[in-house]
>>> print(open('structure_1.txt').read())   # compact mmCIF, C-alpha atoms
# COMPACT_ATOMS: atom_id res chain seq x y z
CA MET A 1 -0.91 65.57 -24.73
CA THR A 2 2.66 66.87 -24.62
CA GLY A 3 5.59 64.64 -25.50
CA SER A 4 6.78 64.41 -21.88
CA LYS A 5 3.30 63.46 -20.62
CA LEU A 6 3.04 60.77 -23.30
CA LYS A 7 6.43 59.43 -22.16
CA VAL A 8 5.19 59.18 -18.56
CA VAL A 9 1.99 57.37 -19.64
CA LEU A 10 3.95 54.93 -21.81
CA ALA A 11 6.44 54.28 -19.02
CA MET A 12 3.55 53.49 -16.68
CA VAL A 13 2.03 51.09 -19.25
CA ILE A 14 5.36 49.25 -19.51
CA VAL A 15 5.72 48.97 -15.74
CA LEU A 16 2.13 47.74 -15.54
CA MET A 17 2.76 45.07 -18.21
CA PHE A 18 5.79 43.70 -16.36
CA GLY A 19 3.78 43.82 -13.16
CA LEU A 20 1.10 41.75 -14.83
CA VAL A 21 3.67 39.13 -15.87
CA VAL A 22 4.82 38.76 -12.28
CA VAL A 23 1.33 38.83 -10.75
CA GLY A 24 -0.01 36.50 -13.44
CA CYS A 25 2.67 33.95 -12.72
CA LYS A 26 2.27 34.30 -8.98
CA ASN A 27 -1.42 33.53 -9.34
CA GLU A 28 -0.52 30.53 -11.49
CA ASN A 29 1.65 29.20 -8.68
CA LYS A 30 -1.08 29.65 -6.12
CA PRO A 31 -3.20 26.53 -5.96
CA SER A 32 -6.69 26.82 -7.35
CA ASN A 33 -9.55 25.42 -5.31
CA LEU A 34 -9.26 22.15 -7.17
CA GLN A 35 -5.49 22.04 -6.71
CA ARG A 36 -5.93 22.85 -3.03
CA GLN A 37 -8.41 19.98 -2.68
CA ALA A 38 -5.94 17.68 -4.40
CA LEU A 39 -3.14 18.83 -2.07
CA GLU A 40 -5.31 18.42 1.02
CA LYS A 41 -6.17 14.94 -0.21
CA HIS A 42 -2.52 14.04 0.25
CA GLU A 43 -2.17 15.34 3.76
CA ASN A 44 -2.46 12.96 6.69
CA LYS A 45 -5.96 12.45 7.99
CA ARG A 46 -6.71 12.67 11.71
CA TYR A 47 -9.53 11.00 13.62
CA ASN A 48 -10.48 10.96 17.28
CA LEU A 49 -10.29 7.59 18.98
CA ARG A 50 -11.77 6.54 22.32
CA GLY A 51 -11.31 3.05 23.64
CA GLN A 52 -9.70 0.67 26.04
CA VAL A 53 -6.19 -0.73 25.84
CA VAL A 54 -6.29 -4.51 25.44
CA ALA A 55 -2.57 -5.19 25.17
CA LYS A 56 0.73 -3.46 24.68
CA ASN A 57 3.86 -4.57 22.90
CA VAL A 58 6.81 -2.40 23.85
CA ALA A 59 9.20 -4.08 21.40
CA ALA A 60 6.84 -3.35 18.52
CA ASN A 61 5.99 0.14 19.86
CA GLN A 62 2.35 -0.88 19.63
CA ILE A 63 -0.84 -1.00 21.69
CA THR A 64 -3.97 -2.96 20.86
CA VAL A 65 -7.12 -0.94 21.47
CA ASN A 66 -10.75 -2.02 21.73
CA HIS A 67 -12.19 1.24 20.41
CA ASP A 68 -15.55 2.84 19.70
CA ASP A 69 -16.72 3.83 16.23
CA ILE A 70 -14.31 6.22 14.55
CA PRO A 71 -16.61 8.14 12.17
CA GLY A 72 -15.10 8.34 8.71
CA PHE A 73 -12.36 5.84 9.49
CA MET A 74 -13.68 2.56 10.83
CA ALA A 75 -16.32 0.81 12.88
CA ALA A 76 -15.79 -0.19 16.51
CA MET A 77 -13.26 -3.00 16.76
CA THR A 78 -10.13 -4.26 18.46
CA MET A 79 -6.92 -3.65 16.56
CA PRO A 80 -3.25 -2.81 17.10
CA TYR A 81 -1.83 0.68 16.59
CA LYS A 82 1.72 1.96 16.59
CA VAL A 83 2.21 4.97 18.84
CA LYS A 84 4.23 7.97 17.77
CA ASP A 85 5.67 8.75 21.17
CA PRO A 86 7.37 5.68 22.70
CA ALA A 87 6.95 7.24 26.16
CA THR A 88 3.23 6.51 25.79
CA LEU A 89 3.99 2.82 26.12
CA GLN A 90 5.51 3.36 29.52
CA GLU A 91 2.38 5.12 30.73
CA VAL A 92 -0.50 3.06 29.42
CA LYS A 93 -1.34 -0.43 30.55
CA PRO A 94 -3.97 -2.96 29.52
CA GLY A 95 -7.38 -1.95 30.84
CA ASP A 96 -6.73 1.81 30.65
CA LYS A 97 -9.37 3.84 28.87
CA ILE A 98 -7.75 6.28 26.46
CA ALA A 99 -8.48 9.09 24.04
CA ALA A 100 -6.09 9.66 21.15
CA GLU A 101 -5.76 10.86 17.59
CA VAL A 102 -5.42 8.28 14.81
CA VAL A 103 -3.19 9.70 12.10
CA VAL A 104 -3.63 7.98 8.74
CA VAL A 105 -1.26 8.57 5.83
CA ASN A 106 -3.45 9.53 2.92
CA ASP A 107 -2.62 6.52 0.75
CA GLY A 108 -3.51 4.28 3.70
CA SER A 109 0.00 2.83 3.77
CA ASP A 110 0.53 3.68 7.43
CA TYR A 111 -1.31 4.83 10.53
CA TRP A 112 -0.44 5.47 14.17
CA LEU A 113 -1.68 7.10 17.38
CA GLU A 114 -0.69 10.54 18.59
CA ASP A 115 -1.64 12.55 21.66
CA VAL A 116 -2.62 9.49 23.71
CA ARG A 117 -4.34 10.50 26.98
CA ILE A 118 -5.46 8.12 29.73
CA THR A 119 -9.06 9.07 30.54
CA GLU A 120 -9.59 6.34 33.13
CA SER A 121 -6.78 4.40 34.69
CA SER A 122 -7.44 0.68 34.99
CA GLY A 123 -5.72 0.16 38.31
CA ARG A 124 -4.45 -3.33 39.00
CA LYS A 125 -7.87 -4.94 39.36
CA SER A 126 -9.23 -4.38 35.87
CA ALA A 127 -6.02 -5.15 34.01
CA GLY A 128 -6.65 -8.16 31.82
CA ALA A 129 -10.40 -7.95 32.36
CA VAL A 130 -11.01 -6.75 28.81
CA PRO A 131 -12.26 -9.49 26.53
CA ALA A 132 -9.88 -9.90 23.61
CA VAL A 133 -9.76 -12.19 20.66
CA HIS A 134 -7.69 -15.22 21.53
CA ARG A 135 -4.67 -15.58 19.29
CA LEU A 136 -3.29 -19.10 19.34
CA ASN A 137 -0.20 -19.44 21.45
CA VAL A 138 2.91 -21.10 20.17
CA GLY A 139 2.38 -24.84 20.60
CA GLU A 140 -1.40 -24.69 20.16
CA ARG A 141 -3.00 -26.70 17.38
CA VAL A 142 -4.20 -24.71 14.36
CA PRO A 143 -7.85 -25.11 13.28
CA SER A 144 -8.31 -27.27 10.23
CA LEU A 145 -10.96 -25.21 8.47
CA PRO A 146 -11.81 -25.91 4.82
CA LEU A 147 -10.14 -23.67 2.25
CA VAL A 148 -10.49 -23.66 -1.54
CA ASN A 149 -7.28 -23.31 -3.52
CA GLN A 150 -6.42 -21.80 -6.89
CA ASP A 151 -7.49 -25.00 -8.65
CA GLY A 152 -10.90 -25.01 -6.96
CA ARG A 153 -9.85 -27.94 -4.76
CA THR A 154 -10.80 -28.03 -1.06
CA ILE A 155 -7.80 -28.18 1.24
CA HIS A 156 -7.31 -28.12 5.03
CA LEU A 157 -4.35 -27.06 7.14
CA ASP A 158 -4.30 -30.71 8.31
CA ASP A 159 -3.39 -31.79 4.78
CA PHE A 160 0.11 -30.40 5.32
CA LYS A 161 0.89 -32.37 8.47
CA GLY A 162 4.44 -33.66 8.33
CA LYS A 163 5.59 -30.43 6.64
CA ALA A 164 6.55 -27.03 8.00
CA VAL A 165 4.09 -24.52 6.56
CA LEU A 166 4.44 -20.77 6.27
CA VAL A 167 1.04 -19.03 6.11
CA THR A 168 0.20 -15.45 5.31
CA PHE A 169 -2.83 -13.37 4.32
CA ILE A 170 -3.18 -10.96 1.39
CA TYR A 171 -5.76 -9.73 -1.10
CA THR A 172 -4.99 -9.63 -4.79
CA ARG A 173 -6.18 -6.03 -5.41
CA CYS A 174 -3.94 -4.61 -2.68
CA PRO A 175 -2.23 -1.59 -4.30
CA LEU A 176 0.32 -0.82 -1.59
CA PRO A 177 3.80 -2.15 -2.36
CA ASN A 178 4.78 -2.51 1.28
CA PHE A 179 1.83 -4.72 2.14
CA CYS A 180 0.52 -7.65 0.08
CA PRO A 181 2.84 -7.28 -2.95
CA ARG A 182 5.80 -7.32 -0.56
CA LEU A 183 4.53 -10.43 1.25
CA SER A 184 3.94 -12.28 -2.02
CA SER A 185 7.33 -11.19 -3.36
CA GLN A 186 8.99 -12.58 -0.23
CA PHE A 187 7.09 -15.86 -0.49
CA ALA A 188 8.10 -16.09 -4.15
CA LYS A 189 11.76 -15.70 -3.14
CA ILE A 190 11.33 -18.41 -0.50
CA HIS A 191 9.78 -20.67 -3.13
CA ASP A 192 12.70 -20.05 -5.50
CA ASP A 193 15.31 -20.64 -2.80
CA LEU A 194 13.80 -23.79 -1.32
CA ALA A 195 13.11 -25.26 -4.75
CA LYS A 196 16.90 -25.52 -5.15
CA SER A 197 16.98 -28.30 -2.56
CA PRO A 198 14.61 -31.29 -3.04
CA ASP A 199 14.88 -32.02 0.69
CA ASP A 200 13.75 -28.50 1.69
CA TYR A 201 11.12 -28.43 -1.02
CA GLY A 202 9.61 -31.77 -0.01
CA LYS A 203 9.33 -30.95 3.68
CA THR A 204 7.98 -27.41 3.54
CA HIS A 205 4.96 -25.66 2.07
CA LEU A 206 3.66 -22.11 1.52
CA LEU A 207 0.05 -21.02 1.92
CA THR A 208 -1.37 -17.60 1.04
CA ILE A 209 -4.94 -16.94 2.15
CA THR A 210 -6.99 -14.04 0.81
CA PHE A 211 -8.79 -11.45 2.94
CA ASP A 212 -11.15 -10.87 0.02
CA PRO A 213 -13.07 -14.11 -0.70
CA LYS A 214 -15.79 -12.17 -2.58
CA TYR A 215 -13.37 -11.07 -5.30
CA ASP A 216 -10.49 -13.51 -4.99
CA THR A 217 -12.07 -16.63 -6.42
CA ALA A 218 -10.04 -19.64 -7.58
CA PRO A 219 -9.37 -18.25 -11.12
CA VAL A 220 -8.34 -14.84 -9.71
CA LEU A 221 -6.01 -16.51 -7.22
CA ARG A 222 -4.58 -18.73 -9.96
CA LYS A 223 -3.77 -15.72 -12.14
CA TYR A 224 -2.27 -13.91 -9.14
CA GLY A 225 -0.19 -16.93 -8.13
CA LEU A 226 1.17 -17.50 -11.63
CA ALA A 227 2.50 -13.93 -11.68
CA TYR A 228 4.65 -14.79 -8.65
CA LEU A 229 5.59 -18.24 -9.96
CA ASP A 230 6.97 -16.99 -13.27
CA ASP A 231 3.93 -18.52 -15.01
CA ASP A 232 4.91 -22.05 -13.98
CA PRO A 233 1.82 -23.83 -12.56
CA ALA A 234 4.06 -26.60 -11.17
CA GLY A 235 4.79 -24.15 -8.33
CA PHE A 236 1.23 -24.58 -7.05
CA GLY A 237 2.29 -28.00 -5.78
CA TYR A 238 4.39 -26.14 -3.22
CA TRP A 239 2.54 -22.86 -2.80
CA ASP A 240 -1.25 -22.78 -2.43
CA PHE A 241 -3.35 -19.63 -2.81
CA ALA A 242 -6.68 -20.10 -1.08
CA PHE A 243 -9.94 -18.48 -0.06
CA THR A 244 -12.55 -19.50 2.47
CA THR A 245 -15.97 -18.34 3.62
CA PRO A 246 -16.15 -14.94 5.37
CA VAL A 247 -17.08 -16.74 8.62
CA ASP A 248 -14.14 -19.14 8.47
CA LEU A 249 -11.84 -16.31 7.39
CA ARG A 250 -12.76 -14.43 10.57
CA LYS A 251 -12.08 -17.57 12.64
CA LEU A 252 -8.69 -18.08 10.99
CA ALA A 253 -7.74 -14.42 11.30
CA ASP A 254 -8.69 -14.42 14.99
CA ALA A 255 -6.72 -17.61 15.56
CA PHE A 256 -3.62 -16.01 14.00
CA GLY A 257 -4.17 -12.57 15.57
CA LEU A 258 -4.97 -10.68 12.37
CA MET A 259 -7.19 -7.62 12.15
CA TYR A 260 -8.89 -6.55 8.92
CA PHE A 261 -11.78 -4.41 7.76
CA GLU A 262 -13.17 -3.32 4.43
CA GLN A 263 -13.50 0.35 3.54
CA ASP A 264 -14.06 2.01 0.15
CA ASN A 265 -13.44 -1.27 -1.66
CA GLN A 266 -10.02 -1.57 -0.04
CA ILE A 267 -9.16 -3.87 2.82
CA SER A 268 -7.13 -2.48 5.68
CA HIS A 269 -5.34 -5.21 7.52
CA THR A 270 -2.48 -6.03 9.77
CA MET A 271 0.30 -8.24 8.43
CA ASN A 272 1.14 -11.52 9.98
CA ILE A 273 3.14 -14.57 9.00
CA VAL A 274 2.58 -17.81 10.86
CA LEU A 275 4.88 -20.79 10.86
CA ILE A 276 3.07 -24.08 11.46
CA ALA A 277 5.16 -26.98 12.71
CA PRO A 278 4.94 -30.42 11.05
CA ASP A 279 2.73 -31.56 13.96
CA GLY A 280 0.08 -28.93 13.10
CA THR A 281 0.81 -26.52 15.94
CA VAL A 282 1.82 -22.85 15.83
CA ALA A 283 5.62 -22.62 15.87
CA LYS A 284 6.21 -18.88 15.43
CA TYR A 285 4.63 -15.56 14.47
CA TRP A 286 6.03 -12.53 12.71
CA SER A 287 3.92 -9.39 12.80
CA GLN A 288 6.48 -6.60 12.49
CA ASP A 289 9.88 -6.78 10.91
CA TRP A 290 11.21 -9.87 9.25
CA THR A 291 13.53 -10.75 6.41
CA THR A 292 13.07 -13.42 3.79
CA LEU A 293 16.20 -15.11 5.10
CA GLU A 294 14.76 -15.29 8.64
CA LEU A 295 11.61 -16.89 7.29
CA GLU A 296 13.58 -19.40 5.24
CA ASP A 297 15.79 -20.29 8.21
CA ALA A 298 12.80 -20.82 10.48
CA LEU A 299 11.03 -22.91 7.86
CA ARG A 300 14.08 -25.13 7.35
CA ARG A 301 14.62 -25.45 11.08
CA GLN A 302 11.04 -26.62 11.60
CA ALA A 303 11.31 -29.03 8.70
CA GLY A 304 14.52 -30.41 10.15
CA THR A 305 16.52 -29.57 7.05
CA ALA A 306 18.34 -26.51 8.42
CA ALA A 307 21.74 -28.19 8.93
CA ALA A 308 21.86 -29.59 5.42
CA ALA A 309 20.89 -26.26 3.92
CA ALA A 310 23.34 -24.10 5.90
CA PRO A 311 26.36 -24.29 3.53
CA ALA A 312 24.23 -23.29 0.55
CA ARG A 313 22.88 -20.27 2.44
CA ALA A 314 26.27 -18.99 3.52
CA SER A 315 26.95 -17.35 0.18
CA ARG A 316 23.67 -15.46 0.02
CA GLY A 317 23.23 -11.92 1.25
CA ARG A 318 20.30 -10.72 3.29
CA THR A 319 17.18 -10.13 1.31
CA PRO A 320 14.49 -7.61 2.08
CA MET B 1 9.96 60.78 -29.17
CA THR B 2 9.93 58.28 -32.07
CA ARG B 3 12.94 56.56 -30.52
CA PHE B 4 11.15 56.31 -27.19
CA LEU B 5 8.06 54.82 -28.87
CA ARG B 6 10.22 52.20 -30.60
CA ILE B 7 11.83 51.20 -27.30
CA ALA B 8 8.41 51.10 -25.62
CA CYS B 9 7.03 48.83 -28.36
CA ILE B 10 10.00 46.42 -28.04
CA ALA B 11 9.57 46.39 -24.25
CA LEU B 12 5.87 45.56 -24.59
CA TRP B 13 6.62 42.82 -27.12
CA LEU B 14 9.23 41.33 -24.76
CA ALA B 15 6.72 41.44 -21.88
CA GLY B 16 4.25 39.51 -24.01
CA LEU B 17 6.92 36.90 -24.76
CA ALA B 18 7.99 36.65 -21.13
CA MET B 19 4.51 35.88 -19.82
CA PRO B 20 4.11 32.31 -21.19
CA MET B 21 7.83 31.54 -20.76
CA ALA B 22 7.80 32.59 -17.10
CA CYS B 23 4.72 30.47 -16.43
CA SER B 24 5.74 27.41 -18.45
CA ASN B 25 6.99 25.51 -15.36
CA GLN B 26 3.35 25.14 -14.31
CA PRO B 27 1.77 23.26 -17.21
CA TYR B 28 -1.93 23.75 -17.49
CA LEU B 29 -4.04 20.75 -16.54
CA SER B 30 -7.74 20.50 -17.20
CA GLU B 31 -10.08 19.59 -14.33
CA ASP B 32 -10.24 15.99 -15.54
CA GLU B 33 -6.45 15.82 -15.71
CA MET B 34 -6.19 17.29 -12.22
CA GLN B 35 -8.50 14.57 -10.94
CA GLY B 36 -6.42 12.07 -12.91
CA ARG B 37 -3.28 13.36 -11.24
CA ALA B 38 -4.80 12.93 -7.75
CA LEU B 39 -5.89 9.39 -8.70
CA PHE B 40 -2.44 8.67 -10.11
CA GLU B 41 -0.76 9.76 -6.89
CA ASP B 42 -3.13 7.67 -4.77
CA ASN B 43 -3.19 4.53 -6.87
CA CYS B 44 -0.25 4.37 -9.29
CA ALA B 45 2.61 6.37 -7.78
CA PRO B 46 3.06 4.11 -4.71
CA CYS B 47 4.42 1.39 -7.06
CA HIS B 48 5.32 3.19 -10.30
CA GLN B 49 7.49 5.88 -8.71
CA GLY B 50 10.65 5.35 -6.70
CA ALA B 51 12.63 2.13 -6.28
CA HIS B 52 11.02 -0.96 -4.81
CA PRO B 53 13.62 -3.53 -3.84
CA GLU B 54 10.91 -5.24 -1.78
CA LEU B 55 9.07 -6.25 -4.95
CA ARG B 56 9.78 -9.27 -7.11
CA LYS B 57 9.34 -7.30 -10.33
CA GLN B 58 10.08 -3.59 -10.62
CA PRO B 59 7.00 -1.70 -11.79
CA PRO B 60 7.82 0.31 -14.95
CA LYS B 61 7.95 4.09 -14.88
CA LEU B 62 4.94 5.63 -16.58
CA GLU B 63 6.43 8.92 -17.75
CA GLY B 64 6.12 9.15 -21.52
CA LEU B 65 3.81 6.12 -21.62
CA PHE B 66 1.86 7.39 -24.59
CA GLN B 67 4.91 8.81 -26.35
CA SER B 68 6.12 5.25 -27.02
CA LYS B 69 4.56 3.05 -29.67
CA SER B 70 4.11 0.23 -27.18
CA LEU B 71 3.48 -0.20 -23.49
CA PRO B 72 6.10 -1.85 -21.24
CA SER B 73 4.19 -5.11 -21.83
CA GLY B 74 4.74 -4.81 -25.58
CA ALA B 75 1.04 -4.14 -26.25
CA PRO B 76 0.20 -1.07 -28.36
CA ALA B 77 0.10 2.18 -26.37
CA THR B 78 -3.59 2.90 -26.84
CA ASP B 79 -6.19 4.25 -24.44
CA ALA B 80 -8.12 0.99 -24.67
CA GLN B 81 -5.07 -1.11 -23.75
CA VAL B 82 -4.13 1.12 -20.82
CA ARG B 83 -7.73 1.04 -19.54
CA LYS B 84 -7.71 -2.77 -19.77
CA THR B 85 -4.44 -2.97 -17.81
CA ILE B 86 -5.75 -0.66 -15.09
CA ILE B 87 -9.00 -2.60 -14.68
CA GLU B 88 -7.70 -6.16 -15.05
CA GLY B 89 -4.17 -5.74 -13.74
CA ARG B 90 -1.23 -7.40 -15.42
CA GLY B 91 1.38 -9.73 -13.99
CA THR B 92 2.01 -8.62 -10.41
CA MET B 93 0.13 -5.34 -10.95
CA PRO B 94 -3.17 -5.53 -9.05
CA ALA B 95 -6.52 -5.11 -10.80
CA PHE B 96 -8.36 -1.88 -10.05
CA ASP B 97 -11.64 -3.54 -11.02
CA GLN B 98 -14.54 -2.22 -8.87
CA ARG B 99 -12.16 0.17 -7.15
CA LEU B 100 -12.06 2.90 -9.79
CA SER B 101 -15.16 4.05 -11.65
CA LYS B 102 -15.21 4.39 -15.45
CA GLU B 103 -14.90 8.19 -15.02
CA HIS B 104 -11.92 7.74 -12.74
CA VAL B 105 -10.18 5.51 -15.28
CA ASP B 106 -10.93 8.07 -18.02
CA ASP B 107 -9.40 10.86 -15.92
CA LEU B 108 -6.40 8.70 -15.13
CA VAL B 109 -5.79 7.92 -18.80
CA LYS B 110 -6.08 11.65 -19.64
CA TYR B 111 -3.45 12.45 -17.01
CA LEU B 112 -1.17 9.64 -18.21
CA HIS B 113 -1.16 11.34 -21.63
CA ARG B 114 0.26 14.44 -19.91
CA LEU B 115 2.85 12.57 -17.86
CA LYS B 116 6.17 13.21 -19.59
>>> encode(input="structure_1.txt", output="structure tokens")
Amino acid sequence: MTGSKLKVVLAMVIVLMFGLVVVGCKNENKPSNLQRQALEKHENKRYNLRGQVVAKNVAANQITVNHDDIPGFMAAMTMPYKVKDPATLQEVKPGDKIAAEVVVVNDGSDYWLEDVRITESSGRKSAGAVPAVHRLNVGERVPSLPLVNQDGRTIHLDDFKGKAVLVTFIYTRCPLPNFCPRLSSQFAKIHDDLAKSPDDYGKTHLLTITFDPKYDTAPVLRKYGLAYLDDDPAGFGYWDFAFTTPVDLRKLADAFGLMYFEQDNQISHTMNIVLIAPDGTVAKYWSQDWTTLELEDALRRQAGTAAAAAPARASRGRTP
Amino acid sequence: MTRFLRIACIALWLAGLAMPMACSNQPYLSEDEMQGRALFEDNCAPCHQGAHPELRKQPPKLEGLFQSKSLPSGAPATDAQVRKTIIEGRGTMPAFDQRLSKEHVDDLVKYLHRLK
């Protein structure tokens, strides 16, 4: 091989080597099958839904649908869904049969409907003809079903008559910060704030009920509660954490308009806070946006301590 | 010719050096660690990454967890202790008992070792 030929061959080898560096790195940046699976795992999931609109709530941008089985997502049931396009709410009405796509954020933290199509219009006659679970209206008496609290003691909603009671539902293994941990954090703040006034504290009560009675037994609820009470068990005198039987849980959830279902050892559920008046009737619901301050104000107002507490509240900012 | 060979050798040596440096922004993860990363993003990141003013207690960041002598709780930073915390929960952290298999927890712990 002549010197000039050798030079050409060597030059080609060098170019090839640099090429390999670039190609090698490009391949490294391309996702492998496993990486691709992991990426896909984090994309939104989409499911086809067919069902009948039971109710719509324009303010909450939500429709409640009695839907068929959604393979891979959930069994047939009635539950509320946000809709992506607010115009949908103008078009659909209770009784309409619809087809839509349920879009679920991969971590389960959110879901909504897209591409809602009316497959059969209800007309005026069938509106309201769909059987729906009856949520108690404001002013209706709450059922006094037996619950078991963190100390293993049986309690009833009736036990709190004479006090304004704020009730919510959680499960202790909920891993999503915007759901149960947020609710319990807000209740903990309410506990702290109302404990500053003996009058407020004596006339109000907090009750957290679990969606997961199989796992959330009294000792589990006690441990969970202590974490939100700064390890002070005296707080249980004001804030009960309770479970009940699956049958009574369903009755309570229906009464307060909650939807829940279990899937892959997680419980998907709607969020709801109920204020019970001292006479044992429903005073108010929150199912969308609320602030801790709103809840505290409503609780004090029901307890009849709002006026006395107002000056103390004036200096506080809004809390999440 | 000798001069050209010397330059060629240096160029090849540089190319060899450049390869790992150019690719170092994509650290290699084993299959188990990849699974651990997916589990981390599904189960841990929602609380342990970002700010959470809605929560009573701020979940600690987990980067460098095993580089410290102790965990945020003060317990020793061992695999056994981290496994126990994942399964039983701690404070306001929920238990992952019956939600993650033993293999899942193993993969998660392997990935936490790589989280820096």
>>> closest_atom_pairs(input="structure_1.txt", of="segment 176-203 of chain A", to="segment 41-65 of chain B", cutoff="7 Å", atoms="all atoms listed in the file", output="JSON lines")
{"residue": "A:Leu176", "atom": "CA", "partner": "B:Pro46", "partner_atom": "CA", "distance": 6.4}
{"residue": "A:Pro177", "atom": "CA", "partner": "B:Cys47", "partner_atom": "CA", "distance": 5.9}
{"residue": "A:Pro181", "atom": "CA", "partner": "B:Leu55", "partner_atom": "CA", "distance": 6.6}
{"residue": "A:Arg182", "atom": "CA", "partner": "B:Leu55", "partner_atom": "CA", "distance": 5.6}
{"residue": "A:Ser185", "atom": "CA", "partner": "B:Arg56", "partner_atom": "CA", "distance": 4.9}
>>> closest_residue(input="structure_1.txt", among="A:Ala253, A:Ile155, A:Ile170, A:Met271", to="chain B", atoms="all atoms listed in the file")
A:Ile170
>>> atom_distance(input="structure_1.txt", atom1="atom CA of Phe187 of chain A", atom2="atom CA of Leu206 of chain A")
7.4 Å
>>> closest_residue(input="structure_1.txt", among="B:Leu29, B:Leu115, B:Ala38, B:Ile87", to="chain A", atoms="all atoms listed in the file")
B:Ala38
>>> closest_residue(input="structure_1.txt", among="A:Cys180, A:Asp289, A:Val105, A:His191", to="Asn61 of chain A", atoms="only C-alpha atoms")
A:Asp289
>>> atom_distance(input="structure_1.txt", atom1="atom CA of Ala164 of chain A", atom2="atom CA of Lys203 of chain A")
6.5 Å
>>> closest_residue(input="structure_1.txt", among="A:Tyr201, A:Phe179, A:Phe211, A:Trp286", to="chain B", atoms="all atoms listed in the file")
A:Phe179
>>> residues_around(input="structure_1.txt", residues="Leu147 of chain A", least_positions_apart="3", cutoff="9 Å", atoms="all atoms listed in the file", output="list in words")
Ser144, Arg153, Thr154, Ile155, His156, Leu157, Ile209, Ala242, Phe243, Thr244, Thr245 and Asp248 of chain A
>>> closest_residue(input="structure_1.txt", among="A:Pro143, A:Pro80, A:Gly152, A:Gly108", to="chain B", atoms="only C-alpha atoms")
A:Gly108
>>> closest_residue(input="structure_1.txt", among="A:Thr281, A:Gln52, A:Asn66, A:Thr292", to="chain B", atoms="all atoms listed in the file")
A:Thr292
>>> residues_around(input="structure_1.txt", residues="Met93 of chain B", least_positions_apart="3", cutoff="9 Å", atoms="all atoms listed in the file", output="tab-separated table (two decimals) with C-alpha atoms, keeping the file's coordinate frame")
chain	number	residue	atom	x	y	z
A	173	ARG	CA	-6.18	-6.03	-5.41
A	175	PRO	CA	-2.23	-1.59	-4.30
A	181	PRO	CA	2.84	-7.28	-2.95
A	227	ALA	CA	2.50	-13.93	-11.68
B	47	CYS	CA	4.42	1.39	-7.06
B	59	PRO	CA	7.00	-1.70	-11.79
B	85	THR	CA	-4.44	-2.97	-17.81
B	86	ILE	CA	-5.75	-0.66	-15.09
B	88	GLU	CA	-7.70	-6.16	-15.05
B	89	GLY	CA	-4.17	-5.74	-13.74
B	90	ARG	CA	-1.23	-7.40	-15.42
>>> atom_distance(input="structure_1.txt", atom1="atom CA of Arg222 of chain A", atom2="atom CA of Leu207 of chain A")
13.0 Å
>>> decode(input="structure_1.txt", residues="segment 76-87 of chain B", atoms="N, CA and C atoms", output="short mmCIF file (atom, residue, chain, number, x, y, z; two decimals), in the first residue's frame")
data_model
loop_
_atom_site.label_atom_id
_atom_site.label_comp_id
_atom_site.auth_asym_id
_atom_site.auth_seq_id
_atom_site.Cartn_x
_atom_site.Cartn_y
_atom_site.Cartn_z
N PRO B 76 -31.02 4.86 60.41
CA PRO B 76 -29.89 4.63 59.51
C PRO B 76 -30.34 4.39 58.07
N ALA B 77 -29.57 4.91 57.12
CA ALA B 77 -29.94 4.79 55.70
C ALA B 77 -29.55 3.41 55.18
N THR B 78 -30.34 2.42 55.54
CA THR B 78 -30.07 1.05 55.08
C THR B 78 -31.23 0.59 54.21
N ASP B 79 -30.96 -0.44 53.40
CA ASP B 79 -32.02 -0.99 52.55
C ASP B 79 -33.19 -1.46 53.41
N ALA B 80 -32.86 -2.13 54.52
CA ALA B 80 -33.91 -2.70 55.37
C ALA B 80 -34.82 -1.60 55.92
N GLN B 81 -34.21 -0.48 56.34
CA GLN B 81 -35.00 0.61 56.92
C GLN B 81 -35.89 1.27 55.86
N VAL B 82 -35.34 1.44 54.66
CA VAL B 82 -36.11 2.07 53.58
C VAL B 82 -37.27 1.15 53.18
N ARG B 83 -36.99 -0.15 53.10
CA ARG B 83 -38.07 -1.12 52.80
C ARG B 83 -39.19 -1.01 53.83
N LYS B 84 -38.79 -0.96 55.10
CA LYS B 84 -39.77 -0.90 56.20
C LYS B 84 -40.63 0.36 56.07
N THR B 85 -39.98 1.49 55.73
CA THR B 85 -40.73 2.75 55.61
C THR B 85 -41.72 2.67 54.45
N ILE B 86 -41.27 2.07 53.34
CA ILE B 86 -42.16 1.97 52.17
C ILE B 86 -43.38 1.11 52.53
N ILE B 87 -43.14 -0.01 53.17
CA ILE B 87 -44.24 -0.95 53.43
C ILE B 87 -45.16 -0.45 54.55
#
